[in-house]
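First up is the structure itself, then whatever we jot down about it.
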Amino acid sequence: MIQLIAMDMDGTLLTPPPIHITENTIAVLKKASEQGIKLVLASGRPADDAGTFARNAGLDMAVIALNGSCMTLHPFDNLICVHHLKKDSGIAVLRHLLEQNAFFGMFCDHDLYVHELDPLHPVPDMIWGTYLAEGRGQISRDECDAWAFAERGISKFVVVDLLHSDMLAKIRPEIEHLAPELTYSSSWKDNLEINPAGVSKGSALRELCSMLSIPMDDVMAIGDNSNDLSMLNCCGYPVAMGNATQDVLAACPYHTLRNSEDGVAAAISKLALNDSQTGGQTL
């Protein structure tokens, strides 16, 4: 019996741009919640940015944020289970990314430092989150803040290749050599996400389920990209989106529709609600 459903956001729960949760999917999620199923957002986004989607949809959801570096039991709650990169590893990665003049974001709990390729033409903050202005953190492009944030604790790096060059292929092995113990993944083909050692959506999902006394066999997880594999591999009901990468499709016995086709609603309707009519689609 499914007691908890964990959902990735971008490429999974959220539609293609302009991103949102469809009314059909909201209705299915509310039905699941009414039946006592715990709902969880599992995202690379900051906690408050992810939580705003839940709040706007009228849903009470736990939030696994920054690929598992922190979580909240309800939207805009205090952060719990907070994990940071080991300080010397985080500083080594920060220094290397600055030296290479990479385009990257460094998340530190609620705060974000952005290193721009061209400071005179900054990239819109939307690349890092949809509702950052509504969150509790600050966004800085001042390198002094980067070092101050690093002293407090780094939650996650995201390195982005806007030019679709071979930059990530070059820089990833360099960073892995500097800090091989860190967790490396991607949420999109043009990024590299770096988390503390042993920290992932899967590790956070296990932490949350332990707190809630929910066995992993009773957990459903839905995702589309490599940073979702850790949670898909540890649950009883792993579901790949129709738009998922090949490694995610291969890892999951259950496949659903694309995020543009209400795939989350279809999967929940079939597996958790046993209602092939809800959402109008089946797996």
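Please note that chains go A, B, ... in the order of the structure tokens, that every chain numbers its residues from 1, and that ligands are numbered from 1 in the order shown.
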Open item on the list: Run DSSP on the backbone and tell me which residues of stretch 8-149 of chain A come out as strand (DSSP E or B); list them as a list in words.
Closed with: Lys38, Leu39, Val40, Leu41, Ala42, Ala62, Val63, Ile64, Ala65, Cys70, Met71, Thr72, Ile80, Phe104, Gly105, Met106, Phe107, Cys108, Asp111, Leu112, Tyr113, Val114, His115, Ile139 and Ser140 of chain A
Same residues, C-alpha atoms, saved as a short mmCIF file (atom, residue, chain, number, x, y, z; two decimals), in the first residue's frame:
```
data_model
loop_
_atom_site.label_atom_id
_atom_site.label_comp_id
_atom_site.auth_asym_id
_atom_site.auth_seq_id
_atom_site.Cartn_x
_atom_site.Cartn_y
_atom_site.Cartn_z
CA LYS A 38 1.81 11.90 2.43
CA LEU A 39 2.92 14.12 -0.45
CA VAL A 40 6.55 15.18 -0.88
CA LEU A 41 8.28 17.52 -3.31
CA ALA A 42 11.81 16.29 -4.03
CA ALA A 62 6.90 18.08 2.75
CA VAL A 63 9.80 19.53 0.75
CA ILE A 64 13.09 17.78 0.07
CA ALA A 65 15.18 20.68 -1.26
CA CYS A 70 17.74 20.04 3.56
CA MET A 71 14.02 19.55 3.97
CA THR A 72 10.89 20.94 5.57
CA ILE A 80 15.49 20.13 9.14
CA PHE A 104 27.50 28.67 -11.38
CA GLY A 105 25.18 29.07 -8.44
CA MET A 106 26.17 28.22 -4.88
CA PHE A 107 23.27 27.54 -2.51
CA CYS A 108 23.76 27.95 1.22
CA ASP A 111 20.92 32.02 0.38
CA LEU A 112 22.35 31.95 -3.14
CA TYR A 113 25.57 33.27 -4.65
CA VAL A 114 25.67 33.55 -8.45
CA HIS A 115 28.90 33.88 -10.44
CA ILE A 139 20.70 36.46 -3.85
CA SER A 140 24.18 37.92 -4.20
#
```
- [ ] Using only C-alpha atoms, determine which residues lie at most 12 Å from A:Val93, disregarding the query and same-chain residues fewer than 4 positions distant; provide the list as number ranges by chain.
- [x] A: 85-89, 97-100, 102, 104-106, 146-147, 150, 154, 156-159, 171-180, 182, 193-196
Open item on the list: Which residue is closest to A:Leu208? Choose from A:Leu132, A:Leu117, A:Met231, A:Leu29 and count only C-alpha atoms.
Closed with: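 Using only C-alpha atoms, A:Leu208 sits closest to A:Met231.
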Open item on the list: as a ChimeraX atom specification, please: the residues near stretch 6-21 of chain A (cut-off 8 Å, only C-alpha atoms, same-chain neighbours under 4 positions excluded).
Closed with: /A:25-26,39-43,53,57,205,219-224,228,241,243-244,258-260,262-264
Task: d(atom CA of A:Gly242, atom CA of A:Asp125) in Å - done: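 Between atom CA of A:Gly242 and atom CA of A:Asp125 the gap works out to 28.5 Å.
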Task: Shell around A:Ile214 at 8 Å using only C-alpha atoms, local window under 5 positions removed, as JSON, numbers by chain - done: {"A": [3, 4, 209, 219]}
